[in-house]
Structures are given as structure tokens and as C-alpha cells.
$ cat coords.txt   # compact mmCIF, C-alpha atoms and all ligand atoms
# COMPACT_ATOMS: atom_id res chain seq x y z
CA MET G 114 26.64 -8.19 12.87
CA VAL G 115 23.21 -8.76 14.35
CA LYS G 116 20.55 -10.01 11.92
CA ILE G 117 18.37 -7.12 10.73
CA HIS G 118 14.58 -7.22 10.81
CA ASN G 119 13.16 -4.31 8.85
CA PHE G 120 9.73 -3.09 9.96
CA GLY G 121 9.88 0.12 7.91
CA ALA G 122 6.71 1.54 6.33
CA GLY G 123 8.25 2.18 2.92
CA PRO G 124 10.32 1.77 0.92
CA ALA G 125 9.90 -1.48 2.76
CA LYS G 126 11.49 -4.88 3.01
CA LEU G 127 11.65 -7.05 -0.10
CA PRO G 128 11.66 -10.86 0.11
CA GLU G 129 15.13 -12.37 0.42
CA GLU G 130 14.39 -14.79 -2.44
CA VAL G 131 13.68 -11.83 -4.72
CA TYR G 132 17.08 -10.30 -3.91
CA GLU G 133 18.71 -13.58 -4.90
CA ILE G 134 16.96 -13.47 -8.28
CA ILE G 135 17.83 -9.79 -8.84
CA LYS G 136 21.49 -10.49 -8.01
CA LYS G 137 21.61 -13.35 -10.47
CA GLU G 138 19.90 -11.40 -13.24
CA LEU G 139 21.46 -7.99 -12.69
CA THR G 140 24.23 -8.04 -15.30
CA ASN G 141 22.89 -10.73 -17.60
CA TYR G 142 19.14 -10.51 -17.95
CA GLU G 143 17.59 -13.74 -19.27
CA ASN G 144 20.80 -14.69 -21.13
CA SER G 145 20.76 -11.52 -23.21
CA GLY G 146 24.36 -10.80 -22.16
CA ILE G 147 23.37 -7.35 -20.85
CA SER G 148 21.53 -5.90 -17.89
CA LEU G 149 17.88 -4.94 -18.03
CA LEU G 150 19.20 -1.54 -16.93
CA GLU G 151 20.69 -1.01 -20.41
CA THR G 152 18.00 -2.74 -22.45
CA SER G 153 15.70 -0.81 -24.79
CA HIS G 154 12.16 -0.36 -23.58
CA ARG G 155 11.08 -1.13 -27.16
CA SER G 156 12.96 -4.43 -27.23
CA GLY G 157 11.31 -7.82 -27.36
CA THR G 158 12.94 -8.54 -24.00
CA TYR G 159 11.09 -5.70 -22.29
CA LEU G 160 7.83 -6.30 -24.16
CA LYS G 161 7.85 -9.87 -22.89
CA LEU G 162 8.41 -8.71 -19.32
CA ASN G 163 5.67 -6.09 -19.64
CA THR G 164 3.22 -8.76 -20.82
CA GLU G 165 4.28 -11.28 -18.16
CA ILE G 166 3.77 -8.87 -15.28
CA GLN G 167 0.33 -7.84 -16.51
CA ALA G 168 -0.54 -11.53 -16.60
CA VAL G 169 0.61 -12.20 -13.04
CA VAL G 170 -1.38 -9.19 -11.75
CA ARG G 171 -4.42 -10.56 -13.59
CA ARG G 172 -3.98 -14.03 -12.10
CA LEU G 173 -3.32 -12.90 -8.52
CA LEU G 174 -6.27 -10.53 -8.29
CA ASN G 175 -8.49 -12.40 -10.72
CA VAL G 176 -8.84 -9.16 -12.71
CA PRO G 177 -11.90 -9.29 -15.01
CA ASP G 178 -11.39 -8.88 -18.78
CA ASN G 179 -12.96 -5.41 -18.87
CA TYR G 180 -10.14 -3.93 -16.76
CA LYS G 181 -6.79 -2.63 -18.06
CA ILE G 182 -3.53 -2.93 -16.16
CA LEU G 183 -1.02 -0.07 -16.27
CA PHE G 184 2.50 0.53 -14.93
CA LEU G 185 2.95 4.28 -14.58
CA SER G 186 5.59 6.72 -13.36
CA GLY G 187 4.98 9.10 -10.52
CA GLY G 188 4.20 6.62 -7.75
CA GLY G 189 1.16 6.87 -5.54
CA GLN G 190 1.03 10.64 -5.55
CA GLY G 191 1.24 10.79 -9.34
CA GLU G 192 -2.09 8.97 -9.26
CA PHE G 193 -3.52 11.46 -6.72
CA ALA G 194 -3.41 13.86 -9.69
CA ALA G 195 -4.19 11.28 -12.36
CA VAL G 196 -7.46 10.22 -10.70
CA PRO G 197 -9.20 13.62 -11.00
CA LEU G 198 -7.45 14.41 -14.28
CA ASN G 199 -8.89 11.23 -15.79
CA LEU G 200 -12.28 11.07 -14.12
CA ILE G 201 -13.62 14.32 -12.69
CA SER G 202 -14.77 15.69 -16.06
CA ARG G 203 -17.62 13.17 -15.97
CA THR G 204 -19.66 15.43 -13.64
CA GLY G 205 -17.15 18.01 -12.37
CA THR G 206 -17.33 16.80 -8.76
CA ALA G 207 -15.84 13.95 -6.73
CA ASP G 208 -16.41 12.47 -3.27
CA TYR G 209 -13.48 11.73 -0.95
CA VAL G 210 -13.68 9.51 2.11
CA VAL G 211 -10.95 10.85 4.38
CA THR G 212 -9.70 8.35 6.97
CA GLY G 213 -6.08 9.40 7.37
CA ALA G 214 -3.20 11.47 6.06
CA TRP G 215 -3.02 9.84 2.64
CA SER G 216 -6.68 10.17 1.68
CA ALA G 217 -6.55 13.77 2.98
CA LYS G 218 -3.63 14.43 0.66
CA ALA G 219 -5.42 12.80 -2.27
CA ALA G 220 -8.46 15.06 -1.68
CA LYS G 221 -6.26 18.15 -1.53
CA GLU G 222 -4.62 17.29 -4.85
CA ALA G 223 -7.98 16.66 -6.52
CA LYS G 224 -9.23 20.13 -5.58
CA LYS G 225 -6.94 21.55 -8.28
CA TYR G 226 -9.08 19.96 -10.96
CA GLY G 227 -12.69 20.15 -9.83
CA LYS G 228 -15.12 20.28 -6.95
CA VAL G 229 -14.22 17.93 -4.12
CA ASN G 230 -16.61 16.90 -1.36
CA VAL G 231 -15.04 15.37 1.70
CA VAL G 232 -17.92 13.11 2.75
CA THR G 233 -16.60 12.15 6.19
CA PRO G 234 -16.64 14.39 9.30
CA HIS G 235 -13.62 16.63 9.79
CA THR G 236 -11.15 15.25 12.31
CA GLU G 237 -7.49 15.57 13.18
CA ARG G 238 -7.45 12.14 14.82
CA TYR G 239 -7.80 9.27 12.43
CA GLU G 240 -8.66 6.35 14.67
CA GLY G 241 -11.29 4.48 12.72
CA ILE G 242 -13.65 4.57 9.76
CA PRO G 243 -16.77 6.68 10.34
CA ASP G 244 -19.88 4.54 9.90
CA GLN G 245 -20.91 4.45 6.27
CA SER G 246 -24.40 5.69 7.12
CA THR G 247 -22.86 9.06 8.10
CA TRP G 248 -21.06 9.63 4.79
CA LYS G 249 -22.62 12.42 2.75
CA LEU G 250 -22.28 10.78 -0.66
CA ASP G 251 -23.33 12.76 -3.73
CA PRO G 252 -25.15 10.54 -6.28
CA ASN G 253 -23.84 12.92 -8.97
CA ALA G 254 -20.17 12.50 -8.08
CA SER G 255 -17.79 11.36 -10.83
CA TYR G 256 -16.29 8.89 -8.39
CA VAL G 257 -15.84 8.08 -4.70
CA HIS G 258 -12.23 7.88 -3.52
CA ILE G 259 -11.02 5.81 -0.56
CA CYS G 260 -7.64 4.78 0.79
CA THR G 261 -8.03 1.12 1.75
CA ASN G 262 -5.08 1.23 4.15
CA GLU G 263 -3.80 4.40 5.78
CA THR G 264 -0.09 3.73 6.12
CA ILE G 265 0.56 6.51 8.64
CA HIS G 266 -2.48 6.10 10.88
CA GLY G 267 -2.89 2.32 10.59
CA VAL G 268 -6.55 2.45 9.55
CA GLU G 269 -7.66 -0.28 7.12
CA PHE G 270 -10.99 -1.01 5.46
CA ASP G 271 -12.23 -4.53 6.14
CA PHE G 272 -15.16 -4.00 3.75
CA VAL G 273 -15.86 -2.53 0.33
CA PRO G 274 -18.16 0.48 0.66
CA ASP G 275 -21.41 0.58 -1.27
CA THR G 276 -21.33 3.69 -3.47
CA LYS G 277 -24.69 3.09 -5.16
CA GLY G 278 -23.29 2.77 -8.65
CA VAL G 279 -20.82 5.67 -8.44
CA PRO G 280 -17.38 4.32 -9.47
CA LEU G 281 -15.22 3.50 -6.46
CA VAL G 282 -11.55 4.50 -6.73
CA ALA G 283 -9.12 3.02 -4.22
CA ASP G 284 -5.58 3.88 -3.20
CA MET G 285 -4.19 0.47 -2.18
CA SER G 286 -0.55 1.56 -1.97
CA SER G 287 0.11 -0.10 1.35
CA ASN G 288 -2.13 -3.17 1.25
CA PHE G 289 -1.99 -4.09 -2.42
CA MET G 290 -1.71 -7.89 -2.77
CA SER G 291 -2.10 -8.52 0.96
CA LYS G 292 -5.49 -10.21 0.53
CA LYS G 293 -8.08 -11.13 -2.06
CA VAL G 294 -10.04 -8.24 -3.50
CA ASP G 295 -13.17 -8.34 -5.63
CA VAL G 296 -11.89 -6.08 -8.40
CA SER G 297 -15.33 -5.89 -10.02
CA LYS G 298 -16.53 -3.74 -7.10
CA PHE G 299 -14.02 -1.01 -8.02
CA GLY G 300 -13.77 1.40 -10.92
CA VAL G 301 -10.07 2.03 -10.39
CA ILE G 302 -7.46 0.52 -8.06
CA TYR G 303 -4.01 2.05 -7.82
CA GLY G 304 -0.93 2.12 -5.63
CA GLY G 305 2.76 2.91 -5.46
CA ALA G 306 4.81 -0.29 -5.37
CA GLN G 307 7.33 0.47 -2.62
CA LYS G 308 5.23 -0.64 0.35
CA ASN G 309 4.05 -4.16 -0.32
CA ILE G 310 4.87 -5.10 -3.93
CA GLY G 311 8.24 -3.67 -4.92
CA THR G 312 10.28 -0.54 -4.95
CA SER G 313 9.62 3.15 -5.60
CA GLY G 314 9.07 4.75 -8.98
CA VAL G 315 6.11 2.84 -10.31
CA ALA G 316 2.39 2.83 -9.69
CA LEU G 317 0.26 -0.18 -10.53
CA VAL G 318 -3.10 0.99 -11.87
CA ILE G 319 -6.11 -1.19 -12.67
CA VAL G 320 -8.86 0.69 -14.49
CA ARG G 321 -12.29 -0.35 -15.78
CA GLU G 322 -12.58 0.23 -19.52
CA ASP G 323 -15.74 2.33 -19.44
CA LEU G 324 -13.90 4.91 -17.29
CA LEU G 325 -11.36 5.62 -20.02
CA ASN G 326 -11.74 8.49 -22.49
CA HIS G 327 -12.79 11.10 -19.91
CA ALA G 328 -9.46 12.85 -19.29
CA LEU G 329 -9.44 16.62 -18.97
CA PRO G 330 -7.76 18.33 -21.95
CA ILE G 331 -5.01 19.59 -19.61
CA CYS G 332 -4.15 16.05 -18.45
CA PRO G 333 -0.44 15.38 -19.12
CA SER G 334 -0.06 12.42 -21.49
CA ILE G 335 2.07 10.49 -19.00
CA LEU G 336 -0.82 10.59 -16.50
CA ASP G 337 -3.54 9.92 -19.07
CA TRP G 338 -4.78 6.36 -18.59
CA THR G 339 -6.34 6.15 -22.06
CA VAL G 340 -3.12 7.24 -23.76
CA ASN G 341 -1.15 4.78 -21.66
CA VAL G 342 -3.54 1.90 -22.38
CA LYS G 343 -3.03 2.53 -26.11
CA ALA G 344 0.75 2.58 -25.56
CA ASP G 345 0.64 -0.58 -23.39
CA SER G 346 2.43 1.37 -20.58
CA ILE G 347 5.37 2.14 -22.88
CA LEU G 348 4.49 5.71 -23.84
CA ASN G 349 7.88 7.01 -22.78
CA THR G 350 10.73 5.14 -21.09
CA PRO G 351 8.97 3.53 -18.13
CA PRO G 352 10.69 2.92 -14.77
CA MET G 353 11.73 -0.47 -16.13
CA PHE G 354 13.78 -1.68 -13.21
CA ALA G 355 11.10 -0.81 -10.68
CA ILE G 356 8.54 -2.58 -12.88
CA TYR G 357 10.83 -5.60 -13.13
CA ILE G 358 11.26 -5.79 -9.35
CA MET G 359 7.51 -5.50 -8.88
CA GLY G 360 7.10 -8.39 -11.31
CA ARG G 361 9.55 -10.57 -9.43
CA VAL G 362 7.79 -9.76 -6.13
CA LEU G 363 4.41 -10.67 -7.62
CA GLN G 364 5.82 -13.95 -8.97
CA TRP G 365 7.21 -14.62 -5.49
CA ILE G 366 3.74 -14.04 -3.98
CA GLU G 367 2.30 -16.49 -6.49
CA SER G 368 4.97 -19.08 -5.67
CA LYS G 369 4.17 -18.75 -1.96
CA GLY G 370 0.51 -19.57 -2.41
CA GLY G 371 -0.98 -16.30 -3.66
CA LEU G 372 -3.19 -13.80 -1.90
CA GLU G 373 -5.02 -16.32 0.25
CA LYS G 374 -1.71 -17.28 1.85
CA MET G 375 -0.60 -13.63 2.17
CA ALA G 376 -3.89 -12.81 3.92
CA GLU G 377 -3.56 -15.74 6.30
CA LEU G 378 -0.04 -14.65 7.21
CA ALA G 379 -1.02 -10.98 7.56
CA THR G 380 -3.74 -11.95 10.02
CA LYS G 381 -1.37 -14.15 12.00
CA LYS G 382 1.45 -11.59 12.12
CA SER G 383 -0.67 -8.58 13.00
CA SER G 384 -2.65 -10.55 15.63
CA LEU G 385 0.58 -11.39 17.42
CA VAL G 386 1.38 -7.68 17.76
CA TYR G 387 -2.16 -6.55 18.63
CA ASN G 388 -2.45 -9.36 21.19
CA ILE G 389 0.59 -8.28 23.18
CA ILE G 390 -0.74 -4.71 23.03
CA GLU G 391 -4.08 -5.88 24.46
CA GLU G 392 -2.46 -8.09 27.09
CA SER G 393 -0.30 -5.26 28.41
CA ASN G 394 -3.07 -3.53 30.42
CA GLY G 395 -2.52 -0.18 28.75
CA PHE G 396 1.29 -0.24 28.82
CA TYR G 397 1.09 -0.47 25.05
CA TYR G 398 -1.73 1.54 23.50
CA ALA G 399 -3.11 1.13 19.97
CA PRO G 400 -5.34 4.11 19.12
CA VAL G 401 -7.26 2.62 16.19
CA ALA G 402 -10.72 1.08 16.68
CA LYS G 403 -10.60 -2.71 16.57
CA ASN G 404 -12.70 -3.07 13.41
CA ALA G 405 -10.39 -0.76 11.48
CA ARG G 406 -6.99 -1.93 12.67
CA SER G 407 -4.52 -2.37 9.85
CA LYS G 408 -2.87 -5.71 9.23
CA MET G 409 -0.01 -3.93 7.46
CA ASN G 410 0.89 -0.92 9.64
CA ILE G 411 0.51 -1.06 13.41
CA PRO G 412 1.00 2.25 15.22
CA PHE G 413 1.13 2.21 19.00
CA ARG G 414 2.24 4.27 22.00
CA ILE G 415 4.08 3.17 25.12
CA GLY G 416 3.37 4.17 28.71
CA SER G 417 0.05 5.89 28.05
CA ALA G 418 -2.35 6.85 25.26
CA LYS G 419 -0.26 9.97 24.68
CA GLY G 420 3.00 8.07 24.88
CA ASP G 421 5.91 8.42 27.27
CA ASP G 422 8.79 10.02 25.39
CA ALA G 423 11.57 8.48 27.47
CA LEU G 424 10.07 4.97 27.33
CA GLU G 425 9.51 5.15 23.59
CA LYS G 426 13.09 6.27 23.03
CA GLU G 427 14.36 3.44 25.19
CA PHE G 428 12.15 0.98 23.32
CA LEU G 429 13.53 2.07 19.94
CA LYS G 430 17.11 1.97 21.17
CA GLY G 431 16.73 -1.53 22.61
CA ALA G 432 14.98 -2.67 19.44
CA GLU G 433 17.82 -1.46 17.25
CA ALA G 434 20.35 -3.28 19.38
CA LEU G 435 18.44 -6.47 18.50
CA GLY G 436 18.32 -5.61 14.79
CA LEU G 437 14.66 -4.55 14.89
CA ILE G 438 14.81 -1.39 12.80
CA GLN G 439 12.66 1.40 11.30
CA LEU G 440 10.09 1.10 14.08
CA LYS G 441 9.83 4.83 14.79
CA GLY G 442 6.30 6.15 14.23
CA HIS G 443 5.55 8.70 11.54
CA ARG G 444 6.31 12.26 12.69
CA ASP G 445 2.60 13.20 12.44
CA VAL G 446 1.58 10.43 14.83
CA GLY G 447 4.64 9.79 17.00
CA GLY G 448 5.29 6.67 19.01
CA ILE G 449 6.05 3.36 17.36
CA ARG G 450 4.89 1.85 14.09
CA ALA G 451 5.50 -1.75 13.05
CA SER G 452 4.85 -2.52 9.40
CA THR G 453 4.17 -6.18 8.74
CA TYR G 454 4.07 -6.34 4.96
CA ASN G 455 4.16 -9.55 2.91
CA ALA G 456 7.97 -9.74 2.91
CA VAL G 457 8.20 -9.55 6.72
CA THR G 458 8.18 -13.13 7.95
CA LEU G 459 6.23 -14.64 10.82
CA GLU G 460 9.56 -15.44 12.52
CA GLU G 461 10.59 -11.78 12.36
CA VAL G 462 7.32 -10.68 13.92
CA GLU G 463 7.87 -13.27 16.66
CA VAL G 464 11.25 -11.66 17.42
CA LEU G 465 9.55 -8.26 17.70
CA VAL G 466 6.75 -9.59 19.91
CA LYS G 467 9.21 -11.32 22.22
CA TYR G 468 11.04 -8.01 22.59
CA MET G 469 7.76 -6.23 23.30
CA ARG G 470 6.93 -8.79 25.99
CA ASP G 471 10.37 -8.51 27.59
CA PHE G 472 10.23 -4.71 27.52
CA TYR G 473 6.79 -4.76 29.13
CA ASN G 474 7.90 -7.21 31.84
CA LYS G 475 10.89 -5.02 32.61
CA HIS G 476 8.91 -1.79 32.94
CA SER G 477 5.49 -2.76 34.29
CA LYS G 478 5.06 -2.63 38.03
C1 LIG W 1 3.22 5.90 0.41
C2 LIG W 1 1.82 6.14 0.04
C3 LIG W 1 1.46 7.04 -0.99
C4 LIG W 1 2.47 7.85 -1.74
O1 LIG W 1 3.25 7.09 -2.56
P1 LIG W 1 4.45 7.77 -3.39
O2 LIG W 1 4.81 6.66 -4.34
O3 LIG W 1 5.52 8.15 -2.44
O4 LIG W 1 3.89 8.94 -4.12
C5 LIG W 1 0.13 7.18 -1.29
N1 LIG W 1 -0.82 6.51 -0.61
C6 LIG W 1 -0.52 5.63 0.37
C7 LIG W 1 -1.61 4.92 1.06
C8 LIG W 1 0.81 5.45 0.73
O5 LIG W 1 1.11 4.59 1.72
$ encode --input "coords.txt" --output "C-alpha cells"
Amino acid sequence: MVKIHNFGAGPAKLPEEVYEIIKKELTNYENSGISLLETSHRSGTYLKLNTEIQAVVRRLLNVPDNYKILFLSGGGQGEFAAVPLNLISRTGTADYVVTGAWSAKAAKEAKKYGKVNVVTPHTERYEGIPDQSTWKLDPNASYVHICTNETIHGVEFDFVPDTKGVPLVADMSSNFMSKKVDVSKFGVIYGGAQKNIGTSGVALVIVREDLLNHALPICPSILDWTVNVKADSILNTPPMFAIYIMGRVLQWIESKGGLEKMAELATKKSSLVYNIIEESNGFYYAPVAKNARSKMNIPFRIGSAKGDDALEKEFLKGAEALGLIQLKGHRDVGGIRASTYNAVTLEEVEVLVKYMRDFYNKHSK
């Protein structure tokens, strides 16, 4: 069988070393004689794991002492609801910066719980980040929400917006732990784990203490950050195995040199792909503005800006024959999308880029 290189957007590739650890630990977790899958969430074994993973998050991101770290059920979209449920009561309104499908979805969810202002111009084409000077920010907003990396459209922030003291809330689902982040500039950071730091079922949430205690009375307890801080993320039975895998991935990141190293690799890997796109004289076309191009998800078309259906199909078919899989673009965008998360190695990206070069040479006149 041909060696598989998984460029899927999520659930995405996990590091091979992490699979080796999971295999070893699956039926006998830390010499307990049983699997973590059948261990009590109130046991000392799980409490230790819970504490260890919080510590590795704190070390990797240099999380200041006045922030709490939570592992919650419901994934990224659970937090789309949790954000307004926990914060919007402060003033009744919230600002949403909409730069792609995910931030649009977050804004839509928030409308159930209060007044939502979309501060960016309406557009169907998400191909960049509108200049900050054009955002209509409300100084009275409870918070400003951004999505730091739009997984579907491939739009990534390379800066932290200035919200003039209004708490900044960021969905980092698809670029969590891909680079250093100054946590102190954010009120809340959250993300589902299954893109860059683990598997589905858990959201990692980092929340500044002064933003606790504002939940709406209707907020379900399992989405209430304050309740979950008091319960140390063990309010009910948490998605323990997903949390465990996330922990092992974060320890792997640490062992590989931490976020500085991940960032260096992300730049290298994504540059290889963007460079062949640029060199192809329009044969490959990346729609996103250069200053907002994602280092995690790279959407592109083949043949023209609109894409040539037959060429794109041929590209995907040839890619699969070489083991390069899950490269089909999201149905809303079409074309091709290569996701180059932490677990995707430089060597794998080189295989993809070589294929892109060969395919271009074969089809360009
Ligand atoms: C995948 C994704 C989500 C949704 O995550 P779920 O865990 O499936 O709810 C939210 N935001 C971003 C940026 C994503 O990539």
C-alpha cells in the first residue's frame, strides 16, 4: 500500500509518535491495569491527568496566572453558544468580526442571546481581513469576537486587533498552538481540538478571571465557565479520552521545541505551497490576499480563478494515487484545500509540492 499523507482539514492528522503512545497506553493506562476508557473521572488517575494537561497548556502559551484553563464538551460550536451565554449580559450587545464561514456561524449563534453587531462589511467572498480602520466597533460591546484562522476560507490574522479595552474573544480552533500568542491581549481564547491539537469532542478554553460570573441565568451549567472553573472541568463526565489525546499532542509539541518551532515549520511548509502557486503563472490560483493567507489551511483553484472542474478532478485523482488524501476543498469554496497542521511533516508537504509541480508541468502550455 502506498504511504498516506493526510492533508484533511479536520478531524486532522495526529503525530505518529502520539499514536505509538496511545497504542501502548490503551489497555493499561500508567500501570493501573485498566484503560483510561474505563477509569472514573473522579479517580486520582484522571485528576492527575487533568492537572498535567492544564500545566502543559500554561507552559506552551505562557498563560498568565489570572487566566483559567477549561476542557469542555461541545467542541468549537459549543463555545459559539457559550461565549454569548457567558459574556453578553455585561452590556447586552457584542461585536463580531466576520472574515469567513466560521466567524459568520459564531455571530449567527450569538444572536439568540443578545444584540449582535457584525462590524465588518457584508461579503460572500472571504478573501482577506478588512482593514481595521473600517470596522464599526461599539465601545459599549460586551466583547469583540474574531476567528483567528478561517479553516474553510484560509484567512488568518497575522496581528491582534486593538479593541480599545473591550475584551477580545478568539476562536482559535484551527491555529491553536501553531505559533506564540500573547494571551494577555485576549479576554477569552477557545477552540475545538480536532484540527491542530487532538481529536473531536473537547474544546480548550482559556478565560480571564474578571470575565467570569456574568453568565445569563439560562446558561446551561455544562457551558457555564464559572461553574466549570469551580468544578475544575469535571462537572459531569468529561470527554476524557479526547482530553487525554489532546494532552499527549501538547506534550509532543513541547518535546519538539514548542510553539516557536511549530511556527517556524508552519511558515516553511505553507511557503512551499504558496510559492509553487505563485510560480505557476495563474495555473494555480490562491484567492486570499497575501497578508491574510493562512499557514494552516491553503485553499486554491486550478486552471483559473474560478477553477477548471475537469482539471481539479484529475488533480485530486492523481493525488490520491500517490497517497495524498483529503485535499478536496470545502463544498462552500470548491477547488483544493491543503491543510498543513502541526502533525503534517515538512517531508509530506514536499511530496505534495512535487506533485503540484509535476501536474503543472504536464498541463501548462
Ligand atoms: C472546525 C471549526 C469549528 C467547529 O468545531 P466543532 O468542534 O466541529 O464544533 C469552529 N471554528 C473553527 C475555526 C473551526 O475550524
$ residues_near_ligand --input "coords.txt" --ligand "ligand LIG 1 (chain W)" --cutoff "6 Å" --atoms "only C-alpha atoms and all ligand atoms" --output "number ranges by chain"
G: 188-190, 215, 262-264, 284, 286-287, 305
$ residues_around --input "coords.txt" --residues "Val296 of chain G" --least-positions-apart "6" --cutoff "10 Å" --atoms "only C-alpha atoms" --output "ChimeraX atom specification"
/G:174-177,180,302,319-321
$ axis_aligned_box --input "coords.txt" --around "segment 397-412 of chain G" --padding-each-side "8 Å" --output "JSON"
{"center_x": -5.8, "center_y": -0.8, "center_z": 16.3, "size_x": 29.8, "size_y": 25.8, "size_z": 33.6}
$ closest_residue --input "coords.txt" --among "G:His266, G:Pro280, G:Leu372, G:Ser313" --to "Val294 of chain G" --atoms "all atoms listed in the file"
G:Leu372
$ atom_distance --input "coords.txt" --atom1 "atom CA of Thr380 of chain G" --atom2 "atom CA of Tyr239 of chain G"
21.7 Å
$ atom_distance --input "coords.txt" --atom1 "atom CA of Thr247 of chain G" --atom2 "atom CA of Leu281 of chain G"
17.4 Å
$ atom_distance --input "coords.txt" --atom1 "atom CA of Val210 of chain G" --atom2 "atom CA of Ala195 of chain G"
17.4 Å
$ closest_residue --input "coords.txt" --among "G:Val446, G:Leu162, G:Val115, G:Ala220" --to "Gly267 of chain G" --atoms "all atoms listed in the file"
G:Val446
$ residues_near_point --input "coords.txt" --point "(15.6, -2.4, 21.3)" --cutoff "12 Å" --atoms "only C-alpha atoms" --output "ChimeraX atom specification"
/G:117-118,424-441,449,464-472
$ write_last_selection --input "coords.txt" --atoms "C-alpha atoms" --output "short mmCIF file (atom, residue, chain, number, x, y, z; two decimals), in the frame of the given file"
data_model
loop_
_atom_site.label_atom_id
_atom_site.label_comp_id
_atom_site.auth_asym_id
_atom_site.auth_seq_id
_atom_site.Cartn_x
_atom_site.Cartn_y
_atom_site.Cartn_z
CA ILE G 117 18.37 -7.12 10.73
CA HIS G 118 14.58 -7.22 10.81
CA LEU G 424 10.07 4.97 27.33
CA GLU G 425 9.51 5.15 23.59
CA LYS G 426 13.09 6.27 23.03
CA GLU G 427 14.36 3.44 25.19
CA PHE G 428 12.15 0.98 23.32
CA LEU G 429 13.53 2.07 19.94
CA LYS G 430 17.11 1.97 21.17
CA GLY G 431 16.73 -1.53 22.61
CA ALA G 432 14.98 -2.67 19.44
CA GLU G 433 17.82 -1.46 17.25
CA ALA G 434 20.35 -3.28 19.38
CA LEU G 435 18.44 -6.47 18.50
CA GLY G 436 18.32 -5.61 14.79
CA LEU G 437 14.66 -4.55 14.89
CA ILE G 438 14.81 -1.39 12.80
CA GLN G 439 12.66 1.40 11.30
CA LEU G 440 10.09 1.10 14.08
CA LYS G 441 9.83 4.83 14.79
CA ILE G 449 6.05 3.36 17.36
CA VAL G 464 11.25 -11.66 17.42
CA LEU G 465 9.55 -8.26 17.70
CA VAL G 466 6.75 -9.59 19.91
CA LYS G 467 9.21 -11.32 22.22
CA TYR G 468 11.04 -8.01 22.59
CA MET G 469 7.76 -6.23 23.30
CA ARG G 470 6.93 -8.79 25.99
CA ASP G 471 10.37 -8.51 27.59
CA PHE G 472 10.23 -4.71 27.52
#
$ closest_atom_pairs --input "coords.txt" --of "segment 317-395 of chain G" --to "segment 225-238 of chain G" --cutoff "12 Å" --atoms "only C-alpha atoms" --output "tab-separated table"
residue	atom	partner	partner_atom	distance
G:Ala328	CA	G:Tyr226	CA	11.0
G:Leu329	CA	G:Tyr226	CA	8.7
G:Pro330	CA	G:Tyr226	CA	11.2
G:Ile331	CA	G:Tyr226	CA	9.6
G:Cys332	CA	G:Tyr226	CA	9.8
$ closest_atom_pairs --input "coords.txt" --of "segment 208-247 of chain G" --to "segment 398-420 of chain G" --cutoff "8 Å" --atoms "all atoms listed in the file" --output "JSON lines"
{"residue": "G:Tyr239", "atom": "CA", "partner": "G:Val401", "partner_atom": "CA", "distance": 7.7}
{"residue": "G:Glu240", "atom": "CA", "partner": "G:Val401", "partner_atom": "CA", "distance": 4.3}
{"residue": "G:Gly241", "atom": "CA", "partner": "G:Ala402", "partner_atom": "CA", "distance": 5.3}
{"residue": "G:Ile242", "atom": "CA", "partner": "G:Ala405", "partner_atom": "CA", "distance": 6.5}
$ closest_residue --input "coords.txt" --among "G:Thr453, G:Thr164, G:Thr212, G:Thr312" --to "Trp248 of chain G" --atoms "all atoms listed in the file"
G:Thr212
$ decode --input "coords.txt" --residues "segment 166-171 of chain G" --atoms "all heavy atoms" --output "JSON list (two decimals), in the first residue's frame"
[["chain", "number", "residue", "atom", "x", "y", "z"],
["G", 166, "ILE", "N", -2.39, 18.37, 32.09],
["G", 166, "ILE", "CA", -2.67, 18.99, 30.79],
["G", 166, "ILE", "C", -2.87, 20.51, 30.95],
["G", 166, "ILE", "O", -2.43, 21.29, 30.12],
["G", 166, "ILE", "CB", -3.87, 18.34, 30.09],
["G", 166, "ILE", "CG1", -3.68, 16.82, 30.01],
["G", 166, "ILE", "CG2", -4.03, 18.88, 28.68],
["G", 166, "ILE", "CD1", -4.87, 16.08, 29.46],
["G", 167, "GLN", "N", -3.50, 20.90, 32.05],
["G", 167, "GLN", "CA", -3.60, 22.34, 32.30],
["G", 167, "GLN", "C", -2.20, 22.96, 32.37],
["G", 167, "GLN", "O", -1.95, 24.04, 31.84],
["G", 167, "GLN", "CB", -4.35, 22.62, 33.60],
["G", 167, "GLN", "CG", -5.84, 22.32, 33.49],
["G", 167, "GLN", "CD", -6.58, 22.62, 34.79],
["G", 167, "GLN", "OE1", -6.35, 23.64, 35.42],
["G", 167, "GLN", "NE2", -7.47, 21.72, 35.17],
["G", 168, "ALA", "N", -1.29, 22.24, 33.01],
["G", 168, "ALA", "CA", 0.07, 22.76, 33.18],
["G", 168, "ALA", "C", 0.79, 22.88, 31.83],
["G", 168, "ALA", "O", 1.49, 23.87, 31.59],
["G", 168, "ALA", "CB", 0.86, 21.87, 34.14],
["G", 169, "VAL", "N", 0.60, 21.91, 30.95],
["G", 169, "VAL", "CA", 1.31, 21.98, 29.67],
["G", 169, "VAL", "C", 0.72, 23.10, 28.80],
["G", 169, "VAL", "O", 1.46, 23.82, 28.11],
["G", 169, "VAL", "CB", 1.37, 20.61, 28.94],
["G", 169, "VAL", "CG1", 0.06, 20.07, 28.52],
["G", 169, "VAL", "CG2", 2.30, 20.67, 27.73],
["G", 170, "VAL", "N", -0.60, 23.32, 28.87],
["G", 170, "VAL", "CA", -1.19, 24.46, 28.16],
["G", 170, "VAL", "C", -0.57, 25.76, 28.68],
["G", 170, "VAL", "O", -0.17, 26.65, 27.91],
["G", 170, "VAL", "CB", -2.73, 24.50, 28.35],
["G", 170, "VAL", "CG1", -3.32, 25.79, 27.80],
["G", 170, "VAL", "CG2", -3.40, 23.28, 27.69],
["G", 171, "ARG", "N", -0.47, 25.86, 30.01],
["G", 171, "ARG", "CA", 0.07, 27.06, 30.63],
["G", 171, "ARG", "C", 1.51, 27.31, 30.19],
["G", 171, "ARG", "O", 1.90, 28.44, 29.87],
["G", 171, "ARG", "CB", -0.02, 26.91, 32.15],
["G", 171, "ARG", "CG", -0.45, 28.16, 32.87],
["G", 171, "ARG", "CD", -0.74, 27.94, 34.34],
["G", 171, "ARG", "NE", -2.17, 27.90, 34.61],
["G", 171, "ARG", "CZ", -2.99, 28.95, 34.57],
["G", 171, "ARG", "NH1", -2.53, 30.16, 34.26],
["G", 171, "ARG", "NH2", -4.27, 28.83, 34.83]]
